[in-house]
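Shown here: model-v8.csv, CSV, C-alpha atoms and all ligand atoms.
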```csv
chain,number,residue,atom,x,y,z
A,1,MET,CA,-18.4,-6.9,-18.3
A,2,PRO,CA,-17.8,-3.2,-19.0
A,3,ASP,CA,-14.2,-2.1,-19.6
A,4,PRO,CA,-12.4,-0.9,-16.5
A,5,LEU,CA,-11.1,2.6,-16.6
A,6,LEU,CA,-7.5,1.5,-17.1
A,7,ARG,CA,-6.3,-2.0,-18.1
A,8,LEU,CA,-2.7,-3.1,-18.2
A,9,SER,CA,-2.3,-6.4,-20.1
A,10,ALA,CA,0.8,-8.5,-19.9
A,11,VAL,CA,3.0,-5.3,-19.5
A,12,ARG,CA,6.7,-6.1,-19.6
A,13,LYS,CA,9.5,-3.6,-19.3
A,14,GLU,CA,13.1,-4.5,-20.0
A,15,PHE,CA,15.6,-1.7,-19.6
A,16,PRO,CA,18.8,-1.5,-21.6
A,17,GLY,CA,21.4,-3.8,-20.0
A,18,GLY,CA,18.7,-6.5,-19.5
A,19,VAL,CA,17.2,-5.2,-16.2
A,20,ILE,CA,13.6,-6.4,-16.0
A,21,GLY,CA,11.6,-3.6,-14.5
A,22,LEU,CA,8.2,-5.2,-15.0
A,23,ASP,CA,7.7,-8.9,-15.7
A,24,SER,CA,4.1,-9.4,-16.8
A,25,ILE,CA,1.7,-7.0,-15.2
A,26,ASP,CA,-2.0,-7.5,-15.5
A,27,LEU,CA,-4.0,-4.9,-13.7
A,28,ASP,CA,-7.5,-3.4,-14.0
A,29,ILE,CA,-8.2,-0.1,-12.3
A,30,GLU,CA,-11.8,0.9,-11.7
A,31,PRO,CA,-13.3,4.4,-11.9
A,32,GLY,CA,-13.2,6.4,-8.7
A,33,GLU,CA,-11.0,4.0,-6.7
A,34,PHE,CA,-8.0,4.8,-4.6
A,35,LEU,CA,-5.4,2.2,-5.6
A,36,SER,CA,-2.0,1.9,-4.1
A,37,LEU,CA,1.1,0.1,-5.5
A,38,LEU,CA,3.0,-1.2,-2.6
A,39,GLY,CA,6.3,-3.1,-2.4
A,40,PRO,CA,10.0,-2.8,-1.5
A,41,SER,CA,12.4,-0.5,-3.3
A,42,GLY,CA,13.1,-1.6,-6.9
A,43,CYS,CA,10.0,-3.8,-7.2
A,44,GLY,CA,8.6,-1.9,-10.2
A,45,LYS,CA,6.1,0.6,-8.7
A,46,THR,CA,7.5,3.8,-10.3
A,47,THR,CA,7.9,1.9,-13.6
A,48,THR,CA,4.2,0.9,-13.5
A,49,LEU,CA,3.2,4.5,-12.9
A,50,ARG,CA,5.5,5.8,-15.7
A,51,VAL,CA,4.0,3.3,-18.1
A,52,ILE,CA,0.5,4.5,-17.2
A,53,ALA,CA,1.6,8.1,-17.6
A,54,GLY,CA,3.4,7.4,-20.9
A,55,PHE,CA,6.9,8.4,-19.8
A,56,GLU,CA,8.0,4.9,-20.3
A,57,SER,CA,6.8,2.6,-23.2
A,58,PRO,CA,6.5,-1.1,-22.4
A,59,THR,CA,8.7,-3.6,-24.2
A,60,SER,CA,5.5,-5.6,-24.8
A,61,GLY,CA,1.9,-5.6,-23.6
A,62,ALA,CA,-0.8,-2.9,-23.7
A,63,VAL,CA,-2.3,-0.1,-21.8
A,64,LYS,CA,-6.0,0.7,-22.4
A,65,LEU,CA,-8.1,3.6,-21.1
A,66,ASP,CA,-11.9,3.1,-21.4
A,67,GLY,CA,-11.2,0.2,-23.8
A,68,ARG,CA,-9.0,2.3,-26.1
A,69,ASP,CA,-5.4,1.3,-26.7
A,70,ILE,CA,-3.2,4.2,-25.4
A,71,THR,CA,0.1,2.3,-25.3
A,72,THR,CA,1.8,4.6,-27.7
A,73,LEU,CA,0.0,7.8,-26.9
A,74,ARG,CA,2.3,10.7,-25.7
A,75,PRO,CA,2.1,11.7,-22.0
A,76,TYR,CA,0.4,15.1,-22.8
A,77,ASP,CA,-2.3,13.4,-24.9
A,78,ARG,CA,-3.4,11.2,-22.0
A,79,PRO,CA,-6.0,12.4,-19.5
A,80,VAL,CA,-3.6,11.6,-16.7
A,81,ASN,CA,-1.5,13.8,-14.4
A,82,THR,CA,1.3,12.9,-12.1
A,83,VAL,CA,2.4,14.2,-8.7
A,84,PHE,CA,6.1,13.5,-8.5
A,85,GLN,CA,8.0,12.5,-5.4
A,86,ASP,CA,10.1,15.7,-5.4
A,87,TYR,CA,7.1,17.8,-6.3
A,88,ALA,CA,8.9,19.2,-9.4
A,89,LEU,CA,7.5,22.7,-8.9
A,90,PHE,CA,8.8,25.6,-11.0
A,91,PRO,CA,11.0,27.6,-8.6
A,92,HIS,CA,10.9,30.8,-10.6
A,93,MET,CA,7.0,30.9,-10.7
A,94,ASN,CA,4.7,31.8,-7.8
A,95,VAL,CA,2.0,29.4,-6.5
A,96,SER,CA,-0.8,30.4,-8.9
A,97,GLU,CA,1.6,30.4,-11.9
A,98,ASN,CA,2.7,26.9,-11.1
A,99,ILE,CA,-0.9,25.7,-10.9
A,100,GLU,CA,-2.0,27.6,-14.0
A,101,PHE,CA,0.9,26.2,-16.2
A,102,GLY,CA,-0.8,23.1,-17.4
A,103,LEU,CA,-4.0,25.0,-18.2
A,104,SER,CA,-2.0,27.5,-20.3
A,105,LEU,CA,-0.5,24.6,-22.3
A,106,ARG,CA,-4.0,23.4,-23.0
A,107,LYS,CA,-5.0,26.8,-24.3
A,108,ILE,CA,-7.6,27.5,-21.7
A,109,GLY,CA,-8.8,31.1,-21.5
A,110,LEU,CA,-7.7,33.5,-18.8
A,111,ALA,CA,-11.0,33.8,-16.9
A,112,ASP,CA,-11.5,30.0,-16.8
A,113,ARG,CA,-7.9,29.5,-15.7
A,114,ARG,CA,-8.2,31.9,-12.8
A,115,ARG,CA,-11.5,30.3,-11.7
A,116,ARG,CA,-10.0,26.8,-11.8
A,117,VAL,CA,-6.8,27.8,-10.0
A,118,ALA,CA,-8.8,29.4,-7.2
A,119,ALA,CA,-10.9,26.2,-6.9
A,120,ALA,CA,-7.9,23.9,-6.9
A,121,LEU,CA,-6.2,26.1,-4.2
A,122,ASP,CA,-9.3,26.0,-2.1
A,123,MET,CA,-9.4,22.2,-2.4
A,124,VAL,CA,-6.0,21.9,-0.9
A,125,GLY,CA,-6.5,24.6,1.7
A,126,LEU,CA,-4.0,27.1,0.2
A,127,SER,CA,-6.2,30.0,-0.9
A,128,ASP,CA,-4.1,32.5,1.1
A,129,LYS,CA,-0.9,31.5,-0.8
A,130,VAL,CA,-2.0,32.5,-4.3
A,131,ALA,CA,0.9,34.9,-4.9
A,132,ALA,CA,3.5,33.3,-2.6
A,133,ARG,CA,6.8,32.3,-4.0
A,134,VAL,CA,7.5,28.5,-4.0
A,135,SER,CA,10.7,29.1,-2.0
A,136,GLU,CA,8.7,30.6,0.9
A,137,LEU,CA,6.6,27.5,1.4
A,138,SER,CA,7.0,24.6,3.8
A,139,GLY,CA,7.4,21.1,2.6
A,140,GLY,CA,3.7,20.3,3.3
A,141,GLN,CA,2.6,23.5,1.4
A,142,ARG,CA,4.7,22.6,-1.6
A,143,GLN,CA,3.1,19.2,-1.6
A,144,ARG,CA,-0.3,20.9,-1.7
A,145,VAL,CA,0.7,23.1,-4.6
A,146,ALA,CA,1.9,20.0,-6.5
A,147,LEU,CA,-1.5,18.4,-5.8
A,148,ALA,CA,-3.4,21.5,-6.9
A,149,ARG,CA,-1.3,21.7,-10.1
A,150,ALA,CA,-2.2,18.1,-10.9
A,151,ILE,CA,-6.0,18.2,-10.1
A,152,VAL,CA,-6.5,21.5,-11.8
A,153,CYS,CA,-6.3,19.7,-15.2
A,154,GLU,CA,-9.2,17.5,-14.1
A,155,PRO,CA,-7.4,14.2,-15.1
A,156,ARG,CA,-9.3,10.9,-15.4
A,157,VAL,CA,-6.5,9.4,-13.4
A,158,LEU,CA,-4.2,11.0,-10.9
A,159,LEU,CA,-0.8,9.3,-10.4
A,160,LEU,CA,1.1,9.9,-7.2
A,161,ASP,CA,4.7,8.7,-6.7
A,162,GLU,CA,5.5,8.5,-3.0
A,163,PRO,CA,3.8,11.9,-2.6
A,164,LEU,CA,4.2,12.1,1.2
A,165,SER,CA,7.7,10.6,1.6
A,166,ALA,CA,9.4,13.9,2.2
A,167,LEU,CA,7.1,14.9,5.0
A,168,ASP,CA,7.7,14.2,8.7
A,169,ALA,CA,5.6,11.5,10.4
A,170,HIS,CA,3.0,13.9,11.9
A,171,LEU,CA,2.4,15.9,8.8
A,172,ARG,CA,2.4,12.8,6.8
A,173,GLU,CA,-0.5,11.3,8.7
A,174,GLN,CA,-2.4,14.5,8.4
A,175,MET,CA,-1.8,14.6,4.7
A,176,GLN,CA,-2.9,11.0,4.3
A,177,VAL,CA,-6.3,12.0,5.7
A,178,GLU,CA,-6.5,15.0,3.4
A,179,LEU,CA,-5.4,13.0,0.3
A,180,LYS,CA,-8.2,10.5,0.9
A,181,ARG,CA,-10.8,13.3,1.5
A,182,LEU,CA,-9.6,15.1,-1.7
A,183,GLN,CA,-9.9,11.8,-3.7
A,184,SER,CA,-13.5,11.1,-2.4
A,185,SER,CA,-14.7,14.6,-3.0
A,186,LEU,CA,-13.2,14.8,-6.6
A,187,GLY,CA,-14.3,11.2,-7.4
A,188,THR,CA,-11.1,10.9,-9.4
A,189,THR,CA,-9.2,7.7,-9.7
A,190,PHE,CA,-6.0,7.9,-7.7
A,191,VAL,CA,-3.1,5.5,-8.2
A,192,MET,CA,-0.4,6.0,-5.6
A,193,VAL,CA,3.0,4.5,-5.2
A,194,THR,CA,4.3,3.9,-1.7
A,195,HIS,CA,6.7,1.6,0.1
A,196,ASP,CA,5.0,2.3,3.4
A,197,GLN,CA,2.4,-0.3,4.2
A,198,THR,CA,0.7,1.7,7.0
A,199,GLU,CA,0.2,4.5,4.5
A,200,ALA,CA,-1.2,2.1,1.9
A,201,MET,CA,-3.4,0.3,4.4
A,202,SER,CA,-4.9,3.6,5.8
A,203,ILE,CA,-6.0,5.2,2.6
A,204,SER,CA,-6.5,2.7,-0.2
A,205,ASP,CA,-9.6,1.0,-1.5
A,206,ARG,CA,-7.4,-1.7,-3.0
A,207,ILE,CA,-3.7,-2.4,-2.7
A,208,VAL,CA,-1.5,-4.0,-5.4
A,209,VAL,CA,1.5,-5.7,-3.6
A,210,MET,CA,4.5,-5.9,-6.0
A,211,ASN,CA,7.7,-7.9,-5.7
A,212,ASN,CA,10.5,-8.3,-8.3
A,213,GLY,CA,8.5,-6.8,-11.2
A,214,ARG,CA,5.5,-8.9,-10.5
A,215,ILE,CA,2.1,-8.6,-8.8
A,216,GLU,CA,1.9,-10.8,-5.7
A,217,GLN,CA,-1.7,-10.0,-4.7
A,218,ILE,CA,-4.4,-7.4,-5.3
A,219,ALA,CA,-6.9,-6.9,-2.5
A,220,SER,CA,-8.6,-4.6,0.0
A,221,PRO,CA,-6.5,-3.6,3.0
A,222,ALA,CA,-8.5,-5.9,5.3
A,223,ALA,CA,-8.3,-8.9,2.9
A,224,LEU,CA,-4.5,-8.5,2.5
A,225,TYR,CA,-4.2,-8.4,6.3
A,226,ASP,CA,-6.6,-11.4,6.9
A,227,ARG,CA,-5.9,-13.5,3.9
A,228,PRO,CA,-2.5,-13.0,2.4
A,229,GLU,CA,-2.1,-15.5,-0.5
A,230,THR,CA,1.7,-15.7,-0.7
A,231,ARG,CA,4.5,-15.9,1.9
A,232,PHE,CA,5.8,-12.6,0.6
A,233,VAL,CA,2.6,-10.8,1.3
A,234,ALA,CA,2.2,-12.5,4.7
A,235,GLY,CA,5.7,-11.3,5.6
A,236,PHE,CA,5.3,-7.9,4.1
A,237,ILE,CA,2.0,-6.7,5.5
A,238,GLY,CA,2.1,-6.2,9.3
A,239,THR,CA,3.8,-8.6,11.6
A,240,MET,CA,3.0,-12.3,11.0
A,241,ASN,CA,4.4,-15.4,12.6
A,242,LEU,CA,5.1,-18.0,9.9
A,243,LEU,CA,5.1,-21.3,11.7
A,244,PRO,CA,6.0,-24.6,10.1
A,245,ALA,CA,3.2,-26.9,11.1
A,246,ARG,CA,2.2,-30.6,10.5
A,247,PHE,CA,-1.4,-31.4,9.6
A,248,ALA,CA,-2.8,-33.6,12.3
A,249,GLY,CA,-6.5,-34.0,11.4
A,250,ILE,CA,-9.9,-32.5,11.3
A,251,SER,CA,-12.2,-31.8,14.2
A,252,GLY,CA,-15.7,-30.5,13.3
A,253,SER,CA,-15.1,-27.3,11.4
A,254,GLU,CA,-11.5,-27.0,12.6
A,255,LEU,CA,-8.2,-28.1,11.1
A,256,ILE,CA,-5.7,-29.4,13.7
A,257,PHE,CA,-2.0,-28.7,13.3
A,258,GLU,CA,1.0,-29.3,15.4
A,259,ALA,CA,3.8,-26.7,15.5
A,260,ASP,CA,6.8,-27.6,17.6
A,261,GLY,CA,4.7,-28.8,20.5
A,262,LEU,CA,1.9,-26.2,20.1
A,263,ARG,CA,-1.4,-27.6,19.0
A,264,LEU,CA,-3.3,-25.3,16.7
A,265,MET,CA,-7.0,-25.5,16.1
A,266,ILE,CA,-7.7,-23.4,13.1
A,267,ASP,CA,-11.1,-22.4,11.9
A,268,ASN,CA,-11.5,-23.8,8.4
A,269,ASP,CA,-12.8,-20.9,6.2
A,270,GLY,CA,-13.4,-23.2,3.3
A,271,THR,CA,-9.8,-24.0,2.2
A,272,SER,CA,-9.2,-27.6,1.3
A,273,PRO,CA,-7.2,-29.3,4.0
A,274,PRO,CA,-3.6,-30.5,3.4
A,275,GLY,CA,-2.9,-34.2,3.0
A,276,PRO,CA,-2.3,-36.4,6.1
A,277,GLY,CA,1.0,-35.5,7.8
A,278,GLU,CA,1.7,-32.7,5.3
A,279,THR,CA,3.7,-29.7,6.5
A,280,VAL,CA,2.5,-26.2,5.7
A,281,THR,CA,3.3,-22.7,6.9
A,282,ILE,CA,0.7,-21.1,9.1
A,283,GLY,CA,0.4,-17.4,9.3
A,284,ILE,CA,-0.5,-16.2,12.8
A,285,ARG,CA,-0.9,-12.6,13.8
A,286,PRO,CA,0.7,-11.7,17.2
A,287,GLU,CA,-2.7,-10.5,18.5
A,288,ASP,CA,-4.2,-13.9,17.8
A,289,VAL,CA,-1.8,-15.6,20.3
A,290,VAL,CA,-3.4,-15.7,23.7
A,291,VAL,CA,-1.8,-16.3,27.1
A,292,SER,CA,-3.2,-19.1,29.2
A,293,GLY,CA,-6.8,-18.6,28.2
A,294,PRO,CA,-9.4,-21.2,29.2
A,295,SER,CA,-10.4,-23.9,26.7
A,296,VAL,CA,-7.4,-23.5,24.4
A,297,ASP,CA,-4.6,-25.9,23.8
A,298,THR,CA,-1.5,-24.3,25.2
A,299,ALA,CA,2.2,-24.8,25.2
A,300,PRO,CA,5.0,-23.2,27.3
A,301,ALA,CA,6.8,-20.3,25.7
A,302,ARG,CA,10.0,-18.8,27.1
A,303,VAL,CA,10.1,-15.0,26.9
A,304,ILE,CA,13.2,-13.6,25.2
A,305,SER,CA,12.4,-9.9,25.0
A,306,VAL,CA,9.5,-7.5,25.8
A,307,VAL,CA,8.9,-4.4,23.8
A,308,PHE,CA,6.5,-1.6,24.8
A,309,HIS,CA,3.9,-1.1,22.0
A,310,GLY,CA,1.4,1.3,23.5
A,311,LYS,CA,-1.7,-0.6,24.5
A,312,ALA,CA,0.1,-3.9,24.1
A,313,LEU,CA,3.4,-5.5,25.0
A,314,ARG,CA,5.1,-7.1,22.1
A,315,VAL,CA,6.7,-10.3,23.4
A,316,HIS,CA,9.3,-12.3,21.5
A,317,ALA,CA,9.4,-15.8,22.8
A,318,GLU,CA,10.5,-19.4,21.9
A,319,ILE,CA,8.4,-22.6,22.0
A,320,GLY,CA,9.4,-26.3,21.8
A,321,THR,CA,12.9,-26.8,20.3
A,322,GLY,CA,13.4,-23.0,19.7
A,323,THR,CA,10.7,-21.9,17.3
A,324,LYS,CA,10.4,-18.1,17.6
A,325,ILE,CA,7.0,-16.6,18.1
A,326,VAL,CA,5.8,-13.0,18.5
A,327,ILE,CA,2.9,-12.3,20.8
A,328,ASP,CA,1.0,-9.1,21.5
A,329,MET,CA,-0.3,-9.1,25.1
A,330,PRO,CA,-2.7,-6.4,26.4
A,331,ARG,CA,-0.7,-4.3,28.8
A,332,GLN,CA,-2.6,-4.9,32.0
A,333,GLY,CA,-2.6,-6.8,35.3
A,334,GLU,CA,-0.1,-9.6,35.7
A,335,ASN,CA,1.1,-9.2,32.0
A,336,ALA,CA,3.0,-6.2,33.2
A,337,ALA,CA,5.4,-8.5,35.1
A,338,CYS,CA,6.4,-10.3,32.0
A,339,ARG,CA,10.2,-10.2,31.4
A,340,PRO,CA,12.9,-12.2,29.7
A,341,GLY,CA,12.9,-15.7,31.2
A,342,THR,CA,9.2,-15.7,32.1
A,343,ILE,CA,7.4,-18.9,31.0
A,344,LEU,CA,4.0,-18.2,29.4
A,345,ASP,CA,1.3,-20.7,28.5
A,346,ILE,CA,0.3,-19.7,25.0
A,347,GLY,CA,-2.3,-20.8,22.5
A,348,LEU,CA,-4.2,-19.7,19.4
A,349,ARG,CA,-7.2,-17.6,20.1
A,350,PRO,CA,-10.3,-19.9,19.6
A,351,GLY,CA,-12.1,-19.3,16.3
A,352,THR,CA,-9.1,-17.8,14.5
A,353,SER,CA,-8.8,-18.6,10.8
A,354,CYS,CA,-5.2,-18.4,9.7
A,355,PRO,CA,-3.8,-18.4,6.2
A,356,LEU,CA,-2.2,-21.7,5.2
A,357,LEU,CA,0.8,-21.1,3.0
A,358,PRO,CA,3.2,-23.4,1.2
A,359,ALA,CA,5.9,-24.9,3.5
B,1,LIG,N1,15.8,3.9,-16.5
B,1,LIG,C1,16.2,2.7,-16.0
B,1,LIG,N2,17.2,2.1,-16.5
B,1,LIG,C2,17.6,0.9,-16.0
B,1,LIG,N3,17.0,0.3,-15.0
B,1,LIG,C3,15.9,0.9,-14.4
B,1,LIG,C4,15.4,2.2,-14.9
B,1,LIG,N4,14.4,2.5,-14.2
B,1,LIG,C5,14.2,1.5,-13.3
B,1,LIG,N5,15.1,0.6,-13.4
B,1,LIG,C6,15.1,-0.7,-12.6
B,1,LIG,O1,13.9,-1.3,-12.7
B,1,LIG,C7,13.6,-1.9,-11.4
B,1,LIG,C8,12.2,-1.2,-10.9
B,1,LIG,O2,12.5,0.1,-10.7
B,1,LIG,P1,11.4,1.1,-10.1
B,1,LIG,O3,10.1,0.9,-10.9
B,1,LIG,O4,11.9,2.5,-10.0
B,1,LIG,O5,11.2,0.5,-8.6
B,1,LIG,P2,10.4,1.1,-7.3
B,1,LIG,O6,9.7,2.4,-7.8
B,1,LIG,O7,9.4,0.1,-6.9
B,1,LIG,O8,11.4,1.4,-6.3
B,1,LIG,C9,14.7,-1.6,-10.5
B,1,LIG,O9,15.6,-2.7,-10.6
B,1,LIG,C10,15.4,-0.4,-11.2
B,1,LIG,O10,16.8,-0.4,-10.9
B,2,MG,MG,9.9,4.4,-7.0
```

Is it possible to express this structure as structure tokens?
Ligand SMILES: Nc1ncnc2c1ncn2[C@@H]1O[C@H](COP(=O)(O)OP(=O)(O)O)[C@@H](O)[C@H]1O
Ligand SMILES: [Mg+2]
Amino acid sequence: MPDPLLRLSAVRKEFPGGVIGLDSIDLDIEPGEFLSLLGPSGCGKTTTLRVIAGFESPTSGAVKLDGRDITTLRPYDRPVNTVFQDYALFPHMNVSENIEFGLSLRKIGLADRRRRVAAALDMVGLSDKVAARVSELSGGQRQRVALARAIVCEPRVLLLDEPLSALDAHLREQMQVELKRLQSSLGTTFVMVTHDQTEAMSISDRIVVMNNGRIEQIASPAALYDRPETRFVAGFIGTMNLLPARFAGISGSELIFEADGLRLMIDNDGTSPPGPGETVTIGIRPEDVVVSGPSVDTAPARVISVVFHGKALRVHAEIGTGTKIVIDMPRQGENAACRPGTILDIGLRPGTSCPLLPA
């Protein structure tokens, strides 16, 4: 196996006072990928980024780039640039001076500097703002300058800490598309921190889900959505019903479970079945619950509330002795009449394979 571009091995970071920022992080980052670090506030995302950048030195463990140990290398000696959450632009410099700054530090000649600044500005769509003052720019434009300033140094790895969090929802979505486009056209490895799962899901090749200074799961967006491996990931990515269910046997290629009166036939995608009578937690997406379809085992569910969700109605309901379940119903026909108190016959969509998680 060739070395990955970046390798973090058993990286641990203890802060003074005993706070454990990172527990034991093992992470390989491949050349050219868009990798996101995703997790709740305080889980260690920024610390991971700072360890890669060299702003923070690990208490133990190692950071390697192309197989070379860079754990103790100073930030400016690493082929890595960072886009900070607050942009950290120099307010007294204009746009091109901001972008040129890193090139001047690296003793790059004037003509080359000008050419690279122009190319970087073109990449982020700000060619007409070369001489503008930073204070004259909108939030979205400042974000682009920060990006241009980072890519102009042609880093091997670009680190981005919540780069879009200061932008409003509309601009944010637009910038997500641009960030992805920029990353593909540069072919540079991007490592982005975000606490926003929609953002991570929409632009990443792989996502590292973190919790409490540890990695919960590393996978593609689709695999995280379809096959979460821990309860934390199942609860963190999208909406997931986590139903306690008793194993009731096997029928052909399906595993049969019983969850508070609801019979669940789950497509077995190769996982080993639980023991007889064992209780597990089954993760069921709201869109995989169907209302009175033919040929499914159904159980009555009493509607508690109905929330408008664009194409779907998101229904919160109760089955059996009060187990809560969230259902997404297409907003059409008789579904429109669904209201609190309505009794629905619900079942699991045939052919659905659901993650089986510890009870
Ligand atoms: N310089 C520091 N001194 C003490 N504790 C810190 C320091 N930096 C981060 N921490 C702690 O380490 C944990 C991880 O922080 P951080 O990596 O910033 O989280 P995130 O970016 O995921 O929100 C938190 O508990 C935070 O309070
Ligand atoms: Mg952070």

key: Test item: residues no farther than 10 Å from ligand LIG 1 (chain B), counting all atoms listed in the file, as a VMD selection string   = chain A and resid 13 to 22 37 to 51 56 161 to 162 193 to 195 210 to 213

task = Using all atoms listed in the file, find all polymer residues with an atom at most 12 Å away from the point (-4.6, -30.9, 3.0); report them as a list of chain:residue names.
result =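 Every residue inside that radius is included here: A:Ala245, A:Arg246, A:Phe247, A:Ala248, A:Gly249, A:Ile250, A:Leu255, A:Ile256, A:Phe257, A:Asn268, A:Gly270, A:Thr271, A:Ser272, A:Pro273, A:Pro274, A:Gly275, A:Pro276, A:Gly277, A:Glu278, A:Thr279, A:Val280, A:Leu356, A:Leu357, A:Pro358.
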
request  = Between atom CA of A:Ala317 and atom CA of A:Val233, measure the distance and give it in Å to one decimal.
outcome  =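 Between atom CA of A:Ala317 and atom CA of A:Val233 the gap is 23.1 Å.
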
task = Tell me which protein, DNA and RNA residues are within 12 Å of stretch 297-301 of chain A, counting all atoms listed in the file, leaving out same-chain ones fewer than 3 positions away, and put them as a PyMOL selection string.
result = chain A and resi 256-266+289-294+304-305+315-327+338+340-350

message = Just the number, please: distance in Å from atom CA of A:Gly54 to atom CA of A:Pro75, one decimal.
response =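 Between atom CA of A:Gly54 and atom CA of A:Pro75 the gap is 4.6 Å.
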